[in-house]
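A.B. asks: Contents are PDB, C-alpha atoms; file name my_file.pdb:
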MODEL        1
ATOM      1  CA  MET Q   1     -26.610  22.316  61.640
ATOM      2  CA  ARG Q   2     -28.559  20.440  58.949
ATOM      3  CA  ARG Q   3     -28.376  16.910  60.326
ATOM      4  CA  PRO Q   4     -31.730  16.825  62.159
ATOM      5  CA  GLN Q   5     -33.623  17.706  58.979
ATOM      6  CA  LYS Q   6     -31.644  15.244  56.885
ATOM      7  CA  ALA Q   7     -32.333  12.521  59.404
ATOM      8  CA  LEU Q   8     -36.061  13.178  59.324
ATOM      9  CA  LEU Q   9     -36.167  13.213  55.542
ATOM     10  CA  PHE Q  10     -34.059  10.073  55.238
ATOM     11  CA  ALA Q  11     -36.250   8.312  57.786
ATOM     12  CA  GLY Q  12     -39.243   9.137  55.618
ATOM     13  CA  ILE Q  13     -37.579   7.664  52.549
ATOM     14  CA  CYS Q  14     -36.572   4.563  54.472
ATOM     15  CA  VAL Q  15     -40.180   3.800  55.324
ATOM     16  CA  LEU Q  16     -40.690   2.630  51.781
ATOM     17  CA  GLY Q  17     -38.574  -0.460  51.943
ATOM     18  CA  ALA Q  18     -40.826  -2.677  53.994
ATOM     19  CA  ALA Q  19     -44.168  -2.492  52.287
ATOM     20  CA  SER Q  20     -42.696  -3.306  48.896
ATOM     21  CA  LEU Q  21     -42.494  -6.836  50.308
ATOM     22  CA  VAL Q  22     -46.241  -6.854  50.824
ATOM     23  CA  PHE Q  23     -46.934  -5.567  47.328
ATOM     24  CA  SER Q  24     -44.740  -8.269  45.794
ATOM     25  CA  CYS Q  25     -46.892 -10.980  47.415
ATOM     26  CA  LYS Q  26     -50.165  -9.961  45.746
ATOM     27  CA  GLU Q  27     -51.743 -12.457  43.344
ATOM     28  CA  LYS Q  28     -52.041 -10.190  40.312
ATOM     29  CA  PRO Q  29     -49.787  -7.368  39.166
ATOM     30  CA  LYS Q  30     -51.315  -3.948  39.554
ATOM     31  CA  PRO Q  31     -50.924  -0.954  37.243
ATOM     32  CA  THR Q  32     -47.638   0.845  37.696
ATOM     33  CA  ASP Q  33     -46.681   4.504  37.528
ATOM     34  CA  GLY Q  34     -43.999   3.828  34.944
ATOM     35  CA  GLY Q  35     -41.214   3.562  37.510
ATOM     36  CA  GLY Q  36     -41.565  -0.116  38.358
ATOM     37  CA  SER Q  37     -43.370   0.299  41.686
ATOM     38  CA  VAL Q  38     -46.973  -0.661  42.284
ATOM     39  CA  ILE Q  39     -49.279   2.090  43.449
ATOM     40  CA  ARG Q  40     -52.806   1.310  44.504
ATOM     41  CA  THR Q  41     -55.411   2.609  46.903
ATOM     42  CA  LEU Q  42     -55.192   0.896  50.272
ATOM     43  CA  THR Q  43     -58.236  -0.005  52.284
ATOM     44  CA  LYS Q  44     -58.389   1.338  55.822
ATOM     45  CA  GLU Q  45     -57.668  -2.160  57.077
ATOM     46  CA  ASP Q  46     -54.609  -2.547  54.845
ATOM     47  CA  SER Q  47     -53.369   0.909  55.742
ATOM     48  CA  GLU Q  48     -53.355   0.092  59.458
ATOM     49  CA  LYS Q  49     -51.390  -3.135  59.103
ATOM     50  CA  VAL Q  50     -48.206  -2.936  61.133
ATOM     51  CA  LEU Q  51     -45.167  -3.462  58.967
ATOM     52  CA  VAL Q  52     -42.487  -3.025  61.636
ATOM     53  CA  LYS Q  53     -42.580  -2.652  65.412
ATOM     54  CA  ILE Q  54     -39.638  -0.997  67.138
ATOM     55  CA  GLY Q  55     -40.325  -0.841  70.848
ATOM     56  CA  ASP Q  56     -43.590   1.052  71.200
ATOM     57  CA  GLN Q  57     -43.234   2.617  67.749
ATOM     58  CA  ALA Q  58     -44.998   1.154  64.705
ATOM     59  CA  ILE Q  59     -44.569   1.710  60.989
ATOM     60  CA  THR Q  60     -47.692   0.793  59.056
ATOM     61  CA  LEU Q  61     -48.354  -0.100  55.480
ATOM     62  CA  GLY Q  62     -50.153   3.217  55.156
ATOM     63  CA  ASP Q  63     -47.016   5.068  56.290
ATOM     64  CA  TYR Q  64     -45.104   3.327  53.556
ATOM     65  CA  ALA Q  65     -47.653   4.015  50.837
ATOM     66  CA  ALA Q  66     -47.808   7.713  51.721
ATOM     67  CA  THR Q  67     -44.042   8.014  51.436
ATOM     68  CA  LEU Q  68     -43.974   6.067  48.189
ATOM     69  CA  GLU Q  69     -46.456   8.480  46.643
ATOM     70  CA  HIS Q  70     -44.010  11.352  47.208
ATOM     71  CA  LEU Q  71     -41.173   9.723  45.256
ATOM     72  CA  ASP Q  72     -40.681  10.177  41.532
ATOM     73  CA  GLN Q  73     -40.498   7.174  39.242
ATOM     74  CA  PHE Q  74     -36.702   7.191  39.115
ATOM     75  CA  GLU Q  75     -36.423   6.943  42.899
ATOM     76  CA  ARG Q  76     -38.829   4.017  42.911
ATOM     77  CA  LEU Q  77     -36.645   2.100  40.503
ATOM     78  CA  ARG Q  78     -34.120   1.699  43.299
ATOM     79  CA  TYR Q  79     -36.462  -0.498  45.333
ATOM     80  CA  GLN Q  80     -37.526  -3.208  42.915
ATOM     81  CA  SER Q  81     -35.302  -6.052  44.114
ATOM     82  CA  PRO Q  82     -36.089  -7.840  47.415
ATOM     83  CA  GLU Q  83     -32.463  -7.434  48.481
ATOM     84  CA  ARG Q  84     -32.539  -3.658  48.126
ATOM     85  CA  ARG Q  85     -35.863  -3.492  49.994
ATOM     86  CA  LYS Q  86     -34.416  -5.512  52.861
ATOM     87  CA  GLU Q  87     -31.364  -3.266  53.019
ATOM     88  CA  LEU Q  88     -33.606  -0.249  53.121
ATOM     89  CA  LEU Q  89     -35.694  -1.809  55.864
ATOM     90  CA  LYS Q  90     -32.552  -2.318  57.954
ATOM     91  CA  GLU Q  91     -31.628   1.340  57.474
ATOM     92  CA  MET Q  92     -35.146   2.365  58.477
ATOM     93  CA  ILE Q  93     -34.892   0.363  61.698
ATOM     94  CA  ASN Q  94     -31.476   1.857  62.491
ATOM     95  CA  ILE Q  95     -32.782   5.372  62.010
ATOM     96  CA  GLU Q  96     -35.821   4.747  64.200
ATOM     97  CA  LEU Q  97     -33.591   3.336  66.951
ATOM     98  CA  LEU Q  98     -31.323   6.392  66.791
ATOM     99  CA  ALA Q  99     -34.309   8.731  66.715
ATOM    100  CA  LYS Q 100     -35.774   7.059  69.794
ATOM    101  CA  GLU Q 101     -32.472   7.370  71.655
ATOM    102  CA  ALA Q 102     -32.255  11.036  70.645
ATOM    103  CA  ARG Q 103     -35.765  11.675  71.960
ATOM    104  CA  ASP Q 104     -34.958   9.857  75.213
ATOM    105  CA  LYS Q 105     -31.951  12.132  75.666
ATOM    106  CA  GLY Q 106     -34.033  15.235  74.938
ATOM    107  CA  TYR Q 107     -32.345  16.147  71.685
ATOM    108  CA  ASP Q 108     -35.739  16.777  70.103
ATOM    109  CA  LYS Q 109     -36.137  19.763  72.462
ATOM    110  CA  ASP Q 110     -32.932  21.395  71.244
ATOM    111  CA  PRO Q 111     -33.694  24.855  69.742
ATOM    112  CA  VAL Q 112     -31.923  23.975  66.500
ATOM    113  CA  VAL Q 113     -33.967  20.787  66.099
ATOM    114  CA  GLU Q 114     -37.170  22.689  66.911
ATOM    115  CA  GLU Q 115     -36.283  25.219  64.228
ATOM    116  CA  GLU Q 116     -35.672  22.433  61.727
ATOM    117  CA  LYS Q 117     -39.080  20.924  62.495
ATOM    118  CA  ARG Q 118     -40.758  24.312  62.068
ATOM    119  CA  SER Q 119     -39.016  24.724  58.720
ATOM    120  CA  ILE Q 120     -40.236  21.312  57.539
ATOM    121  CA  LEU Q 121     -43.801  22.092  58.626
ATOM    122  CA  ARG Q 122     -43.608  25.511  56.964
ATOM    123  CA  GLU Q 123     -42.530  23.950  53.658
ATOM    124  CA  ALA Q 124     -45.271  21.323  53.914
ATOM    125  CA  MET Q 125     -47.908  24.020  54.409
ATOM    126  CA  LEU Q 126     -46.595  26.187  51.584
ATOM    127  CA  ALA Q 127     -46.434  23.167  49.278
ATOM    128  CA  GLU Q 128     -50.168  22.746  49.835
ATOM    129  CA  VAL Q 129     -50.761  26.428  49.040
ATOM    130  CA  ARG Q 130     -48.658  26.172  45.870
ATOM    131  CA  LYS Q 131     -50.827  23.388  44.458
ATOM    132  CA  SER Q 132     -53.365  25.967  43.314
ATOM    133  CA  ALA Q 133     -50.758  28.329  41.867
ATOM    134  CA  PRO Q 134     -50.549  28.536  38.061
ATOM    135  CA  ARG Q 135     -47.788  26.743  36.192
ATOM    136  CA  PRO Q 136     -45.748  28.497  33.484
ATOM    137  CA  GLU Q 137     -47.921  26.910  30.790
ATOM    138  CA  ASP Q 138     -51.018  28.360  32.494
ATOM    139  CA  ILE Q 139     -49.823  31.931  31.921
ATOM    140  CA  SER Q 140     -51.691  33.426  28.969
ATOM    141  CA  ILE Q 141     -49.755  34.626  25.962
ATOM    142  CA  GLU Q 142     -51.413  38.034  26.405
ATOM    143  CA  ASP Q 143     -49.977  38.387  29.917
ATOM    144  CA  ALA Q 144     -46.547  37.224  28.796
ATOM    145  CA  LYS Q 145     -46.519  39.662  25.852
ATOM    146  CA  ALA Q 146     -47.677  42.529  28.072
ATOM    147  CA  TYR Q 147     -44.793  41.860  30.455
ATOM    148  CA  PHE Q 148     -42.340  41.719  27.549
ATOM    149  CA  ASP Q 149     -43.539  45.060  26.162
ATOM    150  CA  ALA Q 150     -43.302  46.712  29.585
ATOM    151  CA  HIS Q 151     -39.756  45.437  30.262
ATOM    152  CA  LEU Q 152     -38.016  45.691  26.905
ATOM    153  CA  ALA Q 153     -34.783  46.896  28.515
ATOM    154  CA  ASP Q 154     -34.493  43.607  30.406
ATOM    155  CA  PHE Q 155     -34.274  41.746  27.110
ATOM    156  CA  ARG Q 156     -31.536  43.876  25.573
ATOM    157  CA  ASP Q 157     -28.326  41.982  26.226
ATOM    158  CA  PRO Q 158     -25.319  44.330  26.381
ATOM    159  CA  GLU Q 159     -21.964  43.640  24.812
ATOM    160  CA  ARG Q 160     -20.014  41.206  26.975
ATOM    161  CA  ARG Q 161     -16.255  40.933  26.983
ATOM    162  CA  ARG Q 162     -14.218  37.962  28.120
ATOM    163  CA  LEU Q 163     -10.996  38.831  29.889
ATOM    164  CA  SER Q 164      -7.765  37.148  30.819
ATOM    165  CA  VAL Q 165      -5.467  38.865  33.300
ATOM    166  CA  ILE Q 166      -2.022  38.802  34.834
ATOM    167  CA  VAL Q 167      -2.157  39.852  38.491
ATOM    168  CA  THR Q 168       0.937  41.373  40.131
ATOM    169  CA  ARG Q 169       1.689  42.852  43.540
ATOM    170  CA  SER Q 170       3.469  45.967  42.288
ATOM    171  CA  GLU Q 171       3.226  48.344  39.364
ATOM    172  CA  ALA Q 172       6.828  47.553  38.407
ATOM    173  CA  ASP Q 173       6.038  43.846  38.200
ATOM    174  CA  GLY Q 174       2.937  44.699  36.187
ATOM    175  CA  LYS Q 175       4.932  46.748  33.672
ATOM    176  CA  ALA Q 176       7.482  43.973  33.304
ATOM    177  CA  ALA Q 177       4.695  41.473  32.670
ATOM    178  CA  LEU Q 178       3.109  43.850  30.160
ATOM    179  CA  GLU Q 179       6.334  44.085  28.162
ATOM    180  CA  SER Q 180       6.454  40.305  27.905
ATOM    181  CA  ALA Q 181       2.739  40.072  27.071
ATOM    182  CA  LYS Q 182       2.944  42.557  24.192
ATOM    183  CA  ALA Q 183       4.895  40.040  22.151
ATOM    184  CA  THR Q 184       2.320  37.244  22.482
ATOM    185  CA  LYS Q 185       0.343  36.282  19.396
ATOM    186  CA  THR Q 186      -1.782  33.373  20.657
ATOM    187  CA  ALA Q 187      -3.775  32.447  23.742
ATOM    188  CA  ALA Q 188      -1.240  29.711  24.512
ATOM    189  CA  GLU Q 189       1.685  32.156  24.426
ATOM    190  CA  TRP Q 190      -0.256  34.505  26.676
ATOM    191  CA  GLY Q 191      -1.026  31.623  29.055
ATOM    192  CA  GLU Q 192       2.671  30.835  29.442
ATOM    193  CA  ILE Q 193       3.343  34.456  30.478
ATOM    194  CA  VAL Q 194       0.454  34.333  32.953
ATOM    195  CA  ARG Q 195       1.879  31.194  34.555
ATOM    196  CA  LYS Q 196       5.281  32.844  35.015
ATOM    197  CA  ARG Q 197       4.133  36.290  36.141
ATOM    198  CA  SER Q 198       0.699  36.130  37.830
ATOM    199  CA  VAL Q 199       0.235  35.858  41.598
ATOM    200  CA  ASP Q 200      -3.436  34.946  41.218
ATOM    201  CA  PRO Q 201      -4.023  31.700  43.205
ATOM    202  CA  ALA Q 202      -6.564  30.631  40.563
ATOM    203  CA  VAL Q 203      -3.690  30.164  38.109
ATOM    204  CA  LYS Q 204      -3.045  26.435  38.432
ATOM    205  CA  PRO Q 205      -0.634  24.259  36.451
ATOM    206  CA  THR Q 206      -3.437  21.791  35.689
ATOM    207  CA  LEU Q 207      -5.391  24.335  33.631
ATOM    208  CA  PRO Q 208      -5.120  24.180  29.821
ATOM    209  CA  VAL Q 209      -2.540  26.782  28.871
ATOM    210  CA  ASP Q 210      -4.942  28.715  26.629
ATOM    211  CA  LEU Q 211      -7.323  29.203  29.603
ATOM    212  CA  VAL Q 212      -4.751  30.304  32.159
ATOM    213  CA  GLY Q 213      -5.674  33.753  33.521
ATOM    214  CA  ASP Q 214      -9.265  33.605  32.276
ATOM    215  CA  VAL Q 215     -11.673  35.485  34.593
ATOM    216  CA  GLY Q 216     -14.862  35.259  32.552
ATOM    217  CA  PHE Q 217     -17.174  37.876  31.063
ATOM    218  CA  VAL Q 218     -18.025  41.435  32.033
ATOM    219  CA  ALA Q 219     -20.593  43.887  30.676
ATOM    220  CA  PRO Q 220     -20.003  47.637  30.326
ATOM    221  CA  PRO Q 221     -19.488  49.602  33.561
ATOM    222  CA  GLY Q 222     -22.772  50.617  35.149
ATOM    223  CA  ASP Q 223     -24.693  47.590  33.872
ATOM    224  CA  PRO Q 224     -25.643  45.577  36.989
ATOM    225  CA  ARG Q 225     -25.872  42.406  34.916
ATOM    226  CA  GLY Q 226     -22.177  42.671  34.120
ATOM    227  CA  ASP Q 227     -20.738  42.302  37.630
ATOM    228  CA  ASN Q 228     -17.915  39.814  38.052
ATOM    229  CA  LEU Q 229     -16.422  39.250  41.497
ATOM    230  CA  ARG Q 230     -13.062  38.363  39.984
ATOM    231  CA  VAL Q 231     -12.821  41.648  38.053
ATOM    232  CA  PRO Q 232     -12.333  44.962  39.922
ATOM    233  CA  GLU Q 233     -14.277  47.907  38.506
ATOM    234  CA  PRO Q 234     -11.191  49.703  37.113
ATOM    235  CA  VAL Q 235     -10.241  46.551  35.217
ATOM    236  CA  ARG Q 236     -13.789  46.172  33.950
ATOM    237  CA  ALA Q 237     -13.793  49.749  32.656
ATOM    238  CA  ALA Q 238     -10.361  49.362  31.069
ATOM    239  CA  ALA Q 239     -11.471  46.238  29.219
ATOM    240  CA  PHE Q 240     -13.759  48.331  27.022
ATOM    241  CA  LYS Q 241     -10.786  50.383  25.796
ATOM    242  CA  ILE Q 242      -9.292  47.354  24.017
ATOM    243  CA  ALA Q 243      -9.938  47.455  20.285
ATOM    244  CA  ASN Q 244      -9.691  43.855  19.128
ATOM    245  CA  VAL Q 245     -10.012  40.324  20.484
ATOM    246  CA  GLY Q 246      -6.510  39.066  21.258
ATOM    247  CA  ASP Q 247      -5.137  42.535  22.048
ATOM    248  CA  VAL Q 248      -3.496  43.413  25.354
ATOM    249  CA  LEU Q 249      -4.286  46.749  26.994
ATOM    250  CA  ALA Q 250      -1.313  49.081  26.609
ATOM    251  CA  GLU Q 251      -1.282  50.077  30.285
ATOM    252  CA  VAL Q 252      -1.240  48.409  33.691
ATOM    253  CA  VAL Q 253      -4.466  48.861  35.673
ATOM    254  CA  LYS Q 254      -4.569  49.204  39.462
ATOM    255  CA  GLY Q 255      -7.434  47.359  41.087
ATOM    256  CA  GLY Q 256      -7.524  47.269  44.882
ATOM    257  CA  ASP Q 257      -4.123  46.165  46.202
ATOM    258  CA  PHE Q 258      -3.023  44.587  42.915
ATOM    259  CA  PHE Q 259      -1.993  45.554  39.403
ATOM    260  CA  TYR Q 260      -3.473  43.964  36.286
ATOM    261  CA  VAL Q 261      -2.340  43.309  32.749
ATOM    262  CA  VAL Q 262      -5.510  42.775  30.720
ATOM    263  CA  ARG Q 263      -6.107  40.795  27.512
ATOM    264  CA  LEU Q 264      -9.378  40.711  25.573
ATOM    265  CA  SER Q 265      -9.906  37.018  24.864
ATOM    266  CA  GLY Q 266     -13.456  37.070  23.531
ATOM    267  CA  LYS Q 267     -16.484  39.221  22.838
ATOM    268  CA  ASN Q 268     -20.260  38.757  22.533
ATOM    269  CA  GLU Q 269     -21.970  41.496  20.562
ATOM    270  CA  PRO Q 270     -25.028  43.235  22.020
ATOM    271  CA  ARG Q 271     -28.375  41.836  20.957
ATOM    272  CA  GLU Q 272     -32.076  42.225  21.571
ATOM    273  CA  ARG Q 273     -34.097  39.130  22.321
ATOM    274  CA  CYS Q 274     -37.456  38.856  20.554
ATOM    275  CA  PHE Q 275     -40.612  37.764  22.359
ATOM    276  CA  SER Q 276     -40.393  34.169  21.122
ATOM    277  CA  GLU Q 277     -36.913  33.857  22.664
ATOM    278  CA  ALA Q 278     -37.985  35.409  25.960
ATOM    279  CA  GLU Q 279     -41.456  33.849  26.277
ATOM    280  CA  ARG Q 280     -40.411  30.771  28.261
ATOM    281  CA  THR Q 281     -38.425  32.841  30.768
ATOM    282  CA  ILE Q 282     -41.312  35.304  31.157
ATOM    283  CA  ARG Q 283     -43.867  32.550  31.759
ATOM    284  CA  ALA Q 284     -41.662  31.025  34.459
ATOM    285  CA  LYS Q 285     -41.194  34.398  36.155
ATOM    286  CA  LEU Q 286     -44.881  35.304  36.110
ATOM    287  CA  ALA Q 287     -45.835  31.878  37.469
ATOM    288  CA  GLN Q 288     -43.250  32.289  40.231
ATOM    289  CA  ASP Q 289     -44.599  35.764  41.058
ATOM    290  CA  LYS Q 290     -48.146  34.432  41.301
ATOM    291  CA  MET Q 291     -47.026  31.587  43.538
ATOM    292  CA  ARG Q 292     -45.234  34.012  45.894
ATOM    293  CA  GLU Q 293     -48.337  36.196  45.975
ATOM    294  CA  LYS Q 294     -50.467  33.206  46.997
ATOM    295  CA  GLU Q 295     -48.019  32.452  49.796
ATOM    296  CA  ARG Q 296     -48.125  36.064  51.034
ATOM    297  CA  ALA Q 297     -51.926  36.154  50.864
ATOM    298  CA  PHE Q 298     -52.180  32.904  52.814
ATOM    299  CA  VAL Q 299     -49.945  34.246  55.592
ATOM    300  CA  GLU Q 300     -51.941  37.484  55.732
ATOM    301  CA  GLU Q 301     -55.146  35.452  56.151
ATOM    302  CA  LEU Q 302     -53.554  33.595  59.051
ATOM    303  CA  LYS Q 303     -52.736  36.891  60.722
ATOM    304  CA  LYS Q 304     -56.431  37.793  60.722
ATOM    305  CA  ASP Q 305     -57.168  34.837  62.984
ATOM    306  CA  ILE Q 306     -53.930  34.739  64.971
ATOM    307  CA  LYS Q 307     -52.825  37.934  66.651
ATOM    308  CA  VAL Q 308     -49.161  38.760  66.081
ATOM    309  CA  GLU Q 309     -47.500  41.259  68.421
ATOM    310  CA  ILE Q 310     -43.892  42.414  68.167
ATOM    311  CA  ASP Q 311     -42.234  44.091  71.123
ATOM    312  CA  GLU Q 312     -39.775  46.441  69.439
ATOM    313  CA  ALA Q 313     -38.257  47.452  72.781
ATOM    314  CA  VAL Q 314     -37.291  43.867  73.576
ATOM    315  CA  LEU Q 315     -35.947  43.364  70.067
ATOM    316  CA  SER Q 316     -33.761  46.450  70.406
ATOM    317  CA  GLU Q 317     -32.053  44.940  73.455
ATOM    318  CA  LEU Q 318     -30.446  42.261  71.323
ATOM    319  CA  HIS Q 319     -26.961  43.112  70.133
ATOM    320  CA  VAL Q 320     -25.240  40.852  67.620
ATOM    321  CA  GLU Q 321     -21.478  40.879  67.862
ATOM    322  CA  THR Q 322     -19.563  40.912  64.597
ATOM    323  CA  PRO Q 323     -16.104  39.372  64.322
ATOM    324  CA  GLN Q 324     -13.260  41.872  64.241
ATOM    325  CA  PRO Q 325     -10.496  41.424  61.668
ATOM    326  CA  SER Q 326      -7.290  40.057  63.099
ATOM    327  CA  SER Q 327      -4.124  42.146  62.988
ATOM    328  CA  GLY Q 328      -2.953  39.993  60.092
ATOM    329  CA  ASP Q 329      -6.119  40.678  58.130
ATOM    330  CA  ALA Q 330      -5.947  44.375  58.797
ATOM    331  CA  GLY Q 331      -2.357  44.534  57.697
ATOM    332  CA  SER Q 332      -3.150  42.876  54.370
ATOM    333  CA  LYS Q 333      -5.664  45.516  53.368
TER     334      LYS Q 333
ENDMDL
END
With the file now loaded, output its structure as structure tokens.
C.D. replies:
Amino acid sequence: MRRPQKALLFAGICVLGAASLVFSCKEKPKPTDGGGSVIRTLTKEDSEKVLVKIGDQAITLGDYAATLEHLDQFERLRYQSPERRKELLKEMINIELLAKEARDKGYDKDPVVEEEKRSILREAMLAEVRKSAPRPEDISIEDAKAYFDAHLADFRDPERRRLSVIVTRSEADGKAALESAKATKTAAEWGEIVRKRSVDPAVKPTLPVDLVGDVGFVAPPGDPRGDNLRVPEPVRAAAFKIANVGDVLAEVVKGGDFFYVVRLSGKNEPRERCFSEAERTIRAKLAQDKMREKERAFVEELKKDIKVEIDEAVLSELHVETPQPSSGDAGSK
């Protein structure tokens, strides 16, 4: 259930509509942020001005300004015309009315809503922690190069092969499809055979004929970067027995409950990336690692002041039931 969080976030965005009216009434134009909306420092008096009253709830000019500051320049462009600001103000009022009704009915005490609020507060706190984390451009070239030298294997891209397959329910059907496929010379001819013979639901008549049966790329067996959910391991291994792009494997391959006729439709040769190619990726990863470390350190500091106790015995009493396959599911395996 994501609606409570979406409602809270949308309500925050809607706050911006009203105060744009106030800004548009000022005598002189103020500097803009490049997105068409005026941003200035409010006095305490201005900040406390009530923009909208809805029952006993008030939305102030300060509430609006704070929300505006969190929008990028492209979002602000949406609220330049008075008409759009009025529409947004109406939406804001509607959301506040619904929120009030939800609170009156006790929906804000629902465990799911409470969890959503905790998640929002958690992200707000971590966002504050992340402000002091380094950005990718802050990572020194020495650190980036040291990481590259220590992880050279990660920057050796293996050979990748692109496959197209005919999927059949029986070996006999697979052999019949293979006989037809052997005579194909082009991707389009192969695609016509796939359309006639394959039981793969991904084979759709709307696909371009030269892409029918395509299941993407795989790397050599054993390389974790070469997994492909659409390609069973025996098919993946067999693909590396095919000599040339455009060739069809001379045998039918069993994969799970199905039989596959395999065509090599493309190939990327192995290559090693140099440091200049990998530098941007490395900087982003190291910056991400440092940010995660700051988050972990912050939580550990909190634990020094707030005692956390886990009762393992109570936790062990909880049993989560897992759905059992129906008889139909079991029979299809």
A.B. asks: Could you give me, as a ChimeraX atom specification, the residues that have an atom at most 12 Å away from the point (-3.4, 30.0, 22.5) in the coordinates of the file, using only C-alpha atoms?
C.D. replies: /Q:164,184-194,208-214,246,265
A.B. asks: Limited to C-alpha atoms, could you put the picked residues into a file as a PDB file, in the coordinates of the input?
C.D. replies:
ATOM      1  CA  SER Q 164      -7.765  37.148  30.819  1.00  0.00           C
ATOM      2  CA  THR Q 184       2.320  37.244  22.482  1.00  0.00           C
ATOM      3  CA  LYS Q 185       0.343  36.282  19.396  1.00  0.00           C
ATOM      4  CA  THR Q 186      -1.782  33.373  20.657  1.00  0.00           C
ATOM      5  CA  ALA Q 187      -3.775  32.447  23.742  1.00  0.00           C
ATOM      6  CA  ALA Q 188      -1.240  29.711  24.512  1.00  0.00           C
ATOM      7  CA  GLU Q 189       1.685  32.156  24.426  1.00  0.00           C
ATOM      8  CA  TRP Q 190      -0.256  34.505  26.676  1.00  0.00           C
ATOM      9  CA  GLY Q 191      -1.026  31.623  29.055  1.00  0.00           C
ATOM     10  CA  GLU Q 192       2.671  30.835  29.442  1.00  0.00           C
ATOM     11  CA  ILE Q 193       3.343  34.456  30.478  1.00  0.00           C
ATOM     12  CA  VAL Q 194       0.454  34.333  32.953  1.00  0.00           C
ATOM     13  CA  PRO Q 208      -5.120  24.180  29.821  1.00  0.00           C
ATOM     14  CA  VAL Q 209      -2.540  26.782  28.871  1.00  0.00           C
ATOM     15  CA  ASP Q 210      -4.942  28.715  26.629  1.00  0.00           C
ATOM     16  CA  LEU Q 211      -7.323  29.203  29.603  1.00  0.00           C
ATOM     17  CA  VAL Q 212      -4.751  30.304  32.159  1.00  0.00           C
ATOM     18  CA  GLY Q 213      -5.674  33.753  33.521  1.00  0.00           C
ATOM     19  CA  ASP Q 214      -9.265  33.605  32.276  1.00  0.00           C
ATOM     20  CA  GLY Q 246      -6.510  39.066  21.258  1.00  0.00           C
ATOM     21  CA  SER Q 265      -9.906  37.018  24.864  1.00  0.00           C
TER      22      SER Q 265
END
A.B. asks: State, in Å with one decimal place, the distance from atom CA of Q:Pro205 to atom CA of Q:Gly256.
C.D. replies: 25.5 Å
A.B. asks: Evaluate the PyMOL selection byres ((chain Q and resi 271) around 6) and record the selected residues as a list in words, following the chain and residue labels used in the document.
C.D. replies: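 Matching residues under the PyMOL selection byres ((chain Q and resi 271) around 6) are Arg156, Asp157, Pro270 and Glu272 of chain Q.
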A.B. asks: Quick one: everything within 10 Å of Q:Ala58, counting all atoms listed in the file, minus sequence neighbours fewer than 5 positions away in the same chain. Send it as an mmCIF file with C-alpha atoms, keeping the file's coordinate frame.
C.D. replies:
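What landed in result_24.cif:
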data_model
loop_
_atom_site.group_PDB
_atom_site.id
_atom_site.type_symbol
_atom_site.label_atom_id
_atom_site.label_comp_id
_atom_site.auth_asym_id
_atom_site.auth_seq_id
_atom_site.Cartn_x
_atom_site.Cartn_y
_atom_site.Cartn_z
ATOM 1 C CA GLU Q 48 -53.355 0.092 59.458
ATOM 2 C CA LYS Q 49 -51.390 -3.135 59.103
ATOM 3 C CA VAL Q 50 -48.206 -2.936 61.133
ATOM 4 C CA LEU Q 51 -45.167 -3.462 58.967
ATOM 5 C CA VAL Q 52 -42.487 -3.025 61.636
ATOM 6 C CA LYS Q 53 -42.580 -2.652 65.412
ATOM 7 C CA ASP Q 63 -47.016 5.068 56.290
ATOM 8 C CA GLU Q 96 -35.821 4.747 64.200
#
A.B. asks: Just give me the gap between atom CA of Q:Arg280 and atom CA of Q:Ile139 in Å, one decimal is fine.
C.D. replies: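 Between atom CA of Q:Arg280 and atom CA of Q:Ile139 the gap is 10.2 Å.
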A.B. asks: Tell me, in Å to one decimal, how far atom CA of Q:Ser140 is from atom CA of Q:Ser276.
C.D. replies: 13.8 Å
A.B. asks: Could you tell me which residues the PyMOL selection byres ((chain Q and resi 258-263) around 6) grabs in this file, written as a list of chain:residue names?
C.D. replies: Q:Leu163, Q:Ser164, Q:Val165, Q:Ile166, Q:Val167, Q:Thr168, Q:Arg169, Q:Glu171, Q:Gly174, Q:Asp247, Q:Val248, Q:Leu249, Q:Val252, Q:Val253, Q:Lys254, Q:Gly255, Q:Gly256, Q:Asp257, Q:Leu264, Q:Ser265
A.B. asks: Using only C-alpha atoms, what residues lie at most 10 Å away from (-13.7, 49.6, 32.8) (file coordinates), given as a list in words?
C.D. replies: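 Answer for this query, in the requested form: Val218, Ala219, Pro220, Pro221, Gly222, Val231, Pro232, Glu233, Pro234, Val235, Arg236, Ala237, Ala238, Ala239, Phe240, Lys241 and Val253 of chain Q.
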A.B. asks: If we count only C-alpha atoms and set the cut-off at 12 Å, which residues sit around Q:Met291, ignoring sequence neighbours fewer than 4 positions away in its own chain? Please answer as a list of chain:residue names.
C.D. replies: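 Residues near the query, excluding close chain neighbours: Q:Leu126, Q:Ala127, Q:Glu128, Q:Val129, Q:Arg130, Q:Lys131, Q:Ser132, Q:Ala133, Q:Pro134, Q:Arg135, Q:Pro136, Q:Ile139, Q:Ala284, Q:Lys285, Q:Leu286, Q:Ala287, Q:Glu295, Q:Arg296, Q:Ala297, Q:Phe298.
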A.B. asks: I need the residue nearest Q:Pro201 from this list: Q:Arg273, Q:Leu88, Q:Arg230, Q:Ile120. Use only C-alpha atoms for the distance.
C.D. replies: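 Of Q:Arg273, Q:Leu88, Q:Arg230, Q:Ile120, the one nearest Q:Pro201 is Q:Arg230, counting only C-alpha atoms.
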A.B. asks: Skipping near chain neighbours, those fewer than 5 positions away, what residues fall within 9 Å of Q:Lys145 using all atoms listed in the file, listed as a PyMOL selection string?
C.D. replies: chain Q and resi 140+150+275+279+282
